[in-house]
Structure formats: structure tokens, C-alpha cells
>>> print(open('coords_0.cif').read())   # mmCIF, C-alpha atoms
data_query
#
loop_
_atom_site.label_atom_id
_atom_site.label_comp_id
_atom_site.auth_asym_id
_atom_site.auth_seq_id
_atom_site.Cartn_x
_atom_site.Cartn_y
_atom_site.Cartn_z
CA MET R 26 -7.38 4.14 -30.04
CA SER R 27 -4.76 1.79 -28.71
CA GLY R 28 -3.03 1.67 -25.34
CA SER R 29 -3.66 0.38 -21.90
CA LEU R 30 -4.12 1.59 -18.35
CA ASN R 31 -3.20 -0.05 -15.07
CA LYS R 32 -4.50 2.32 -12.38
CA VAL R 33 -5.79 1.56 -8.88
CA MET R 34 -7.34 3.93 -6.35
CA LEU R 35 -8.22 2.61 -2.89
CA ILE R 36 -9.57 4.23 0.24
CA GLY R 37 -9.40 1.94 3.23
CA ASN R 38 -7.86 1.23 6.60
CA LEU R 39 -4.42 -0.16 7.30
CA GLY R 40 -4.49 -3.74 8.51
CA ARG R 41 -0.97 -3.53 9.94
CA ASP R 42 1.83 -1.02 10.42
CA PRO R 43 4.15 -0.70 7.42
CA GLU R 44 7.20 -2.96 7.54
CA LEU R 45 10.24 -1.13 6.20
CA LYS R 46 13.16 -3.08 4.70
CA ALA R 47 15.99 -2.38 2.30
CA THR R 48 16.81 -4.32 -0.85
CA PRO R 49 20.36 -5.66 -1.26
CA SER R 50 21.07 -2.54 -3.35
CA GLY R 51 19.97 -0.34 -0.43
CA GLN R 52 16.61 0.89 -1.75
CA SER R 53 13.85 1.27 0.87
CA VAL R 54 10.67 -0.76 0.44
CA ALA R 55 7.66 -0.88 2.78
CA ARG R 56 4.82 -3.38 2.76
CA PHE R 57 1.46 -3.16 4.51
CA SER R 58 -2.14 -4.19 3.97
CA VAL R 59 -5.23 -2.07 3.41
CA ALA R 60 -8.81 -3.26 3.91
CA THR R 61 -11.71 -1.98 1.83
CA THR R 62 -15.27 -2.87 2.77
CA GLU R 63 -18.28 -2.87 0.46
CA THR R 64 -21.77 -2.84 1.98
CA TRP R 65 -25.14 -3.46 0.34
CA LYS R 66 -28.62 -4.78 1.08
CA ASN R 67 -29.62 -8.19 -0.21
CA GLN R 68 -33.03 -9.01 -1.74
CA SER R 69 -34.48 -9.46 1.76
CA GLY R 70 -33.31 -5.98 2.78
CA GLU R 71 -30.62 -7.32 5.12
CA LYS R 72 -27.35 -5.43 5.25
CA GLN R 73 -24.42 -7.37 3.81
CA SER R 74 -20.74 -6.51 3.71
CA LYS R 75 -17.55 -7.90 2.24
CA THR R 76 -14.01 -6.86 3.13
CA GLU R 77 -11.17 -7.19 0.63
CA TRP R 78 -7.53 -7.12 1.74
CA HIS R 79 -4.95 -5.49 -0.53
CA ASN R 80 -1.16 -5.93 -0.29
CA ILE R 81 0.54 -2.55 -0.73
CA VAL R 82 4.19 -2.09 -1.73
CA VAL R 83 5.83 1.36 -1.49
CA TRP R 84 9.36 2.16 -2.68
CA GLY R 85 12.00 4.79 -1.95
CA LYS R 86 11.39 7.92 0.13
CA GLN R 87 7.65 7.20 0.19
CA ALA R 88 8.40 3.89 1.94
CA GLU R 89 10.21 5.78 4.69
CA ILE R 90 7.32 8.27 5.00
CA ALA R 91 4.82 5.41 5.17
CA GLU R 92 6.79 3.67 7.92
CA LYS R 93 7.03 6.90 9.90
CA TYR R 94 3.40 8.06 9.70
CA LEU R 95 1.02 5.23 8.74
CA ARG R 96 -0.41 3.06 11.51
CA LYS R 97 -2.75 0.09 11.76
CA GLY R 98 -6.39 1.19 11.67
CA LYS R 99 -5.74 4.58 10.05
CA GLN R 100 -7.55 5.54 6.87
CA VAL R 101 -5.47 6.11 3.74
CA MET R 102 -6.02 6.70 0.03
CA ILE R 103 -3.67 4.72 -2.21
CA GLU R 104 -3.00 5.43 -5.88
CA GLY R 105 -0.97 2.91 -7.80
CA ARG R 106 -1.05 -0.06 -10.12
CA ILE R 107 -1.54 -3.81 -9.93
CA GLN R 108 1.54 -6.00 -10.09
CA TYR R 109 1.77 -9.77 -9.92
CA ARG R 110 4.75 -11.70 -8.64
CA GLU R 111 5.55 -15.37 -8.39
CA TYR R 112 7.10 -17.01 -5.38
CA THR R 113 7.62 -20.48 -3.95
CA ASP R 114 5.99 -21.22 -0.60
CA GLN R 115 7.56 -23.23 2.24
CA ALA R 116 6.12 -26.45 0.81
CA GLY R 117 7.83 -25.77 -2.54
CA VAL R 118 4.60 -24.84 -4.35
CA LYS R 119 4.78 -21.99 -6.87
CA LYS R 120 2.23 -19.27 -6.15
CA THR R 121 1.26 -15.90 -7.55
CA ALA R 122 0.64 -12.83 -5.38
CA CYS R 123 -1.15 -9.64 -6.35
CA ASP R 124 0.31 -6.41 -4.98
CA ILE R 125 -0.63 -2.77 -5.39
CA ARG R 126 2.54 -0.85 -6.29
CA CYS R 127 1.82 2.48 -4.59
CA ASP R 128 2.73 5.60 -6.58
CA ASN R 129 1.06 8.07 -4.19
CA PHE R 130 -0.73 7.92 -0.88
CA VAL R 131 -2.76 10.41 1.14
CA MET R 132 -3.19 9.99 4.87
CA LEU R 133 -6.82 10.69 5.76
CA GLY R 134 -8.25 11.70 9.13
CA ARG R 135 -6.44 13.12 12.14
CA MET R 136 -3.64 11.76 14.32
CA ASP R 137 -5.72 12.00 17.48
CA GLU R 138 -8.26 9.51 16.07
CA GLY R 139 -6.16 6.69 17.50
CA GLY R 140 -2.78 5.48 16.34
CA GLY R 141 -0.84 8.10 14.47
CA GLY R 142 2.75 8.60 13.58
CA ARG R 143 5.76 8.01 15.76
CA ASP R 144 6.54 11.71 15.65
CA SER R 145 3.92 14.30 16.53
CA GLY R 146 3.64 15.80 13.04
CA GLY R 147 0.25 16.45 11.46
CA TYR R 148 -1.83 13.77 9.84
CA GLY R 149 -3.70 14.29 6.60
CA GLY R 150 -0.53 14.63 4.50
CA ARG R 151 0.36 13.33 1.08
CA ALA R 152 3.35 11.46 -0.24
CA SER R 153 3.89 11.37 -3.96
CA GLY R 154 6.37 10.06 -6.46
CA GLY R 155 7.00 13.56 -7.77
CA GLY R 156 6.02 17.20 -7.64
CA SER R 157 5.58 19.51 -4.70
CA GLN R 158 3.56 17.87 -1.93
CA ASP R 159 3.04 18.16 1.83
CA PHE R 160 6.07 15.91 2.38
CA GLU R 161 9.38 16.48 0.67
CA ASP R 162 9.93 13.73 -1.86
CA HIS R 163 11.98 13.92 -5.01
CA GLY R 164 10.64 10.72 -6.57
CA ALA R 165 12.28 7.38 -6.01
CA PRO R 166 13.56 5.33 -8.89
CA SER R 167 11.44 2.34 -9.71
CA PRO R 168 12.85 -1.04 -8.81
CA ALA R 169 14.87 -2.86 -11.45
CA GLY R 170 12.87 -4.24 -14.33
CA GLY R 171 10.71 -1.18 -15.00
CA GLY R 172 8.58 -1.38 -11.88
CA SER R 173 8.39 -5.13 -11.66
CA PHE R 174 10.53 -6.89 -9.11
CA PRO R 175 11.53 -10.49 -8.58
CA ASP R 176 10.53 -11.97 -5.25
CA ASP R 177 14.13 -12.35 -4.11
CA ASP R 178 14.60 -8.56 -4.32
CA ILE R 179 12.02 -8.11 -1.58
CA PRO R 180 13.74 -8.86 1.71
CA PHE R 181 10.60 -10.18 3.48
#
>>> encode(input="coords_0.cif", output="C-alpha cells")
Amino acid sequence: MSGSLNKVMLIGNLGRDPELKATPSGQSVARFSVATTETWKNQSGEKQSKTEWHNIVVWGKQAEIAEKYLRKGKQVMIEGRIQYREYTDQAGVKKTACDIRCDNFVMLGRMDEGGGGRDSGGYGGRASGGGSQDFEDHGAPSPAGGGSFPDDDIPF
């Protein structure tokens, strides 16, 4: 059997509110971070934990939904794929960043658990790249390059 799979599923808490921008071509893109924490006991029986931070990128109508409803601290499930991009930092050093290109997200929990959307709609909804979901979304086109995007197409 040949083929490959690039699939990511995360359940974690938003580290910051989504930042919504538009590309020069007018397509919406939102970026935010999600923290996942793993806990375990070491050989001495002491509880240990490690938090990983994930950069999330959402495109199209889903980006607008994310900006409207997702808030720092809220729990969310993200489905997507890993993408790498290169950029040059302020010192002129080339670097590589790892992003999760979100295809679908599900807002977990309730709005009254702190934070919540700017409007008083229900929490616990889903945004998806296609199909009939809790939010109306007709699937946004992927960014140019088949889902990969150059750093200068991201306006932040």
C-alpha cells in the first residue's frame, strides 16, 4: 500500500483570541494558539506535566467564525494538518515555523464558563470546511499553492 497521511487532531485551550486579517487577494485568515498539556507520574510517583503550544491557521469563512466565537482560555478541538513555512526574522535569520492548517474546529464547553463569543450565540458549535454543520459554511478555497502559503501572503 502506498500513500501518505498528514492529519492532526488537538483538544486544548486557546492561548489568545484569534487575530483575523485578509490576504492581499481579500481572503480571510485567522491565527491563534492552542495549548495541550500532557500529565504523567515519574518513577518517584510525582506528578509531571508538559504543555505544548500549537500555532493554528484558519482560512476563509471558518476564519471569520473563529474570530467571532473563539476566545482565550476556551477549549476547542482542532482537526487539520501540519504545514511548515520559512520566514526571515528581524535579524535577517531564516527560520522555519510549524503551523496547524485547521480544516475543522469544534468549540467545546459553554459560553458561560468564562470568555465566550462577542455575540450571545451558543457555544459548543462546529465549523467545517464542507458539509452541513452547526454554522453555515460553504467551504473556503485553499490558499494559493494547494494549501501551502508563502510567508508574505500572511499579513501578520
>>> resolve_selection(input="coords_0.cif", expression="the PyMOL selection byres ((chain R and resi 58-73) around 8)", output="PyMOL selection string")
chain R and resi 35-41+43+56-57+74-81
>>> atom_distance(input="coords_0.cif", atom1="CA of Gly134 (chain R)", atom2="CA of Lys93 (chain R)")
16.0 Å
>>> atom_distance(input="coords_0.cif", atom1="CA of Glu111 (chain R)", atom2="CA of Lys97 (chain R)")
26.7 Å
>>> atom_distance(input="coords_0.cif", atom1="CA of Asn31 (chain R)", atom2="CA of Cys123 (chain R)")
13.1 Å
>>> resolve_selection(input="coords_0.cif", expression="the PyMOL selection byres ((chain R and resi 34) around 9)", output="list of chain:residue names")
R:Lys32, R:Val33, R:Leu35, R:Ile36, R:Met102, R:Ile103, R:Glu104, R:Gly105, R:Arg106
>>> closest_residue(input="coords_0.cif", among="R:Ala116, R:Leu95, R:Ala47, R:Ile107", to="Asp128 (chain R)", atoms="only C-alpha atoms")
R:Ile107
>>> axis_aligned_box(input="coords_0.cif", around="region 98-103 of chain R", padding_each_side="6 Å", output="JSON")
{"center_x": -5.6, "center_y": 3.9, "center_z": 4.7, "size_x": 15.9, "size_y": 17.5, "size_z": 25.9}
>>> residues_near_point(input="coords_0.cif", point="(-1.6, 10.6, -4.2)", cutoff="6 Å", atoms="only C-alpha atoms", output="number ranges by chain")
R: 104, 129-131, 153
>>> closest_residue(input="coords_0.cif", among="R:Ser29, R:Arg96, R:Asp114, R:Gly85", to="Thr48 (chain R)", atoms="all atoms listed in the file")
R:Gly85
>>> closest_residue(input="coords_0.cif", among="R:Ala55, R:Val82, R:Leu45, R:Leu30", to="Ala122 (chain R)", atoms="only C-alpha atoms")
R:Val82
>>> decode(input="coords_0.cif", residues="region 31-45 of chain R", atoms="all heavy atoms", output="tab-separated table (two decimals), in the first residue's frame")
chain	number	residue	atom	x	y	z
R	31	ASN	N	-1.36	13.22	6.42
R	31	ASN	CA	-0.96	14.34	7.25
R	31	ASN	C	-2.22	14.81	7.96
R	31	ASN	O	-3.00	15.59	7.44
R	31	ASN	CB	-0.37	15.46	6.38
R	31	ASN	CG	0.09	16.65	7.20
R	31	ASN	OD1	-0.10	16.73	8.40
R	31	ASN	ND2	0.70	17.61	6.53
R	32	LYS	N	-2.46	14.30	9.16
R	32	LYS	CA	-3.70	14.56	9.90
R	32	LYS	C	-3.35	14.87	11.35
R	32	LYS	O	-2.59	14.15	11.98
R	32	LYS	CB	-4.61	13.32	9.84
R	32	LYS	CG	-5.89	13.44	10.58
R	32	LYS	CD	-6.93	14.13	9.75
R	32	LYS	CE	-8.28	14.04	10.42
R	32	LYS	NZ	-9.25	14.87	9.75
R	33	VAL	N	-3.93	15.95	11.87
R	33	VAL	CA	-3.70	16.36	13.25
R	33	VAL	C	-5.05	16.55	13.92
R	33	VAL	O	-5.96	17.13	13.33
R	33	VAL	CB	-2.93	17.70	13.30
R	33	VAL	CG1	-2.81	18.21	14.71
R	33	VAL	CG2	-1.56	17.56	12.67
R	34	MET	N	-5.18	16.04	15.14
R	34	MET	CA	-6.35	16.30	15.98
R	34	MET	C	-5.84	16.78	17.34
R	34	MET	O	-5.05	16.09	17.98
R	34	MET	CB	-7.22	15.06	16.13
R	34	MET	CG	-7.89	14.63	14.84
R	34	MET	SD	-9.03	13.28	15.07
R	34	MET	CE	-10.39	14.15	15.83
R	35	LEU	N	-6.30	17.95	17.76
R	35	LEU	CA	-5.89	18.52	19.03
R	35	LEU	C	-7.12	18.89	19.84
R	35	LEU	O	-8.11	19.37	19.27
R	35	LEU	CB	-5.08	19.81	18.82
R	35	LEU	CG	-3.79	19.73	18.01
R	35	LEU	CD1	-3.28	21.13	17.73
R	35	LEU	CD2	-2.75	18.93	18.78
R	36	ILE	N	-7.06	18.69	21.14
R	36	ILE	CA	-8.04	19.26	22.05
R	36	ILE	C	-7.23	20.03	23.08
R	36	ILE	O	-6.35	19.48	23.75
R	36	ILE	CB	-8.91	18.19	22.74
R	36	ILE	CG1	-9.77	17.47	21.71
R	36	ILE	CG2	-9.78	18.85	23.81
R	36	ILE	CD1	-10.62	16.35	22.27
R	37	GLY	N	-7.49	21.33	23.15
R	37	GLY	CA	-6.73	22.16	24.07
R	37	GLY	C	-7.43	23.48	24.30
R	37	GLY	O	-8.59	23.66	23.91
R	38	ASN	N	-6.72	24.40	24.91
R	38	ASN	CA	-7.28	25.70	25.25
R	38	ASN	C	-6.58	26.80	24.46
R	38	ASN	O	-5.35	26.76	24.30
R	38	ASN	CB	-7.14	25.97	26.75
R	38	ASN	CG	-7.97	25.00	27.54
R	38	ASN	OD1	-7.55	23.86	27.80
R	38	ASN	ND2	-9.16	25.40	27.92
R	39	LEU	N	-7.37	27.77	24.01
R	39	LEU	CA	-6.81	28.89	23.26
R	39	LEU	C	-5.88	29.70	24.14
R	39	LEU	O	-6.23	30.06	25.27
R	39	LEU	CB	-7.92	29.80	22.73
R	39	LEU	CG	-8.42	29.47	21.33
R	39	LEU	CD1	-9.26	28.23	21.32
R	39	LEU	CD2	-9.14	30.65	20.74
R	40	GLY	N	-4.71	30.01	23.61
R	40	GLY	CA	-3.75	30.84	24.32
R	40	GLY	C	-3.97	32.32	24.07
R	40	GLY	O	-3.48	33.17	24.82
R	41	ARG	N	-4.68	32.65	23.00
R	41	ARG	CA	-5.00	34.04	22.68
R	41	ARG	C	-6.21	34.07	21.76
R	41	ARG	O	-6.51	33.10	21.10
R	41	ARG	CB	-3.81	34.76	22.03
R	41	ARG	CG	-3.33	34.13	20.74
R	41	ARG	CD	-2.06	34.82	20.24
R	41	ARG	NE	-1.40	34.02	19.24
R	41	ARG	CZ	-1.42	34.28	17.93
R	41	ARG	NH1	-2.07	35.33	17.47
R	41	ARG	NH2	-0.78	33.51	17.08
R	42	ASP	N	-6.90	35.20	21.73
R	42	ASP	CA	-8.02	35.37	20.82
R	42	ASP	C	-7.52	35.28	19.38
R	42	ASP	O	-6.41	35.73	19.09
R	42	ASP	CB	-8.68	36.74	21.01
R	42	ASP	CG	-9.44	36.87	22.33
R	42	ASP	OD1	-9.58	35.85	23.04
R	42	ASP	OD2	-9.90	37.99	22.63
R	43	PRO	N	-8.33	34.75	18.48
R	43	PRO	CA	-7.93	34.72	17.07
R	43	PRO	C	-7.72	36.13	16.53
R	43	PRO	O	-8.45	37.06	16.87
R	43	PRO	CB	-9.12	34.06	16.37
R	43	PRO	CG	-9.79	33.27	17.44
R	43	PRO	CD	-9.60	34.07	18.70
R	44	GLU	N	-6.70	36.27	15.69
R	44	GLU	CA	-6.40	37.53	15.02
R	44	GLU	C	-6.79	37.37	13.56
R	44	GLU	O	-6.19	36.58	12.84
R	44	GLU	CB	-4.91	37.85	15.16
R	44	GLU	CG	-4.50	39.14	14.52
R	44	GLU	CD	-3.01	39.41	14.65
R	44	GLU	OE1	-2.30	38.64	15.33
R	44	GLU	OE2	-2.56	40.39	14.05
R	45	LEU	N	-7.80	38.10	13.14
R	45	LEU	CA	-8.33	37.99	11.78
R	45	LEU	C	-7.69	39.05	10.89
R	45	LEU	O	-7.65	40.22	11.24
R	45	LEU	CB	-9.85	38.16	11.78
R	45	LEU	CG	-10.56	38.01	10.44
R	45	LEU	CD1	-10.48	36.56	9.96
R	45	LEU	CD2	-12.01	38.44	10.57
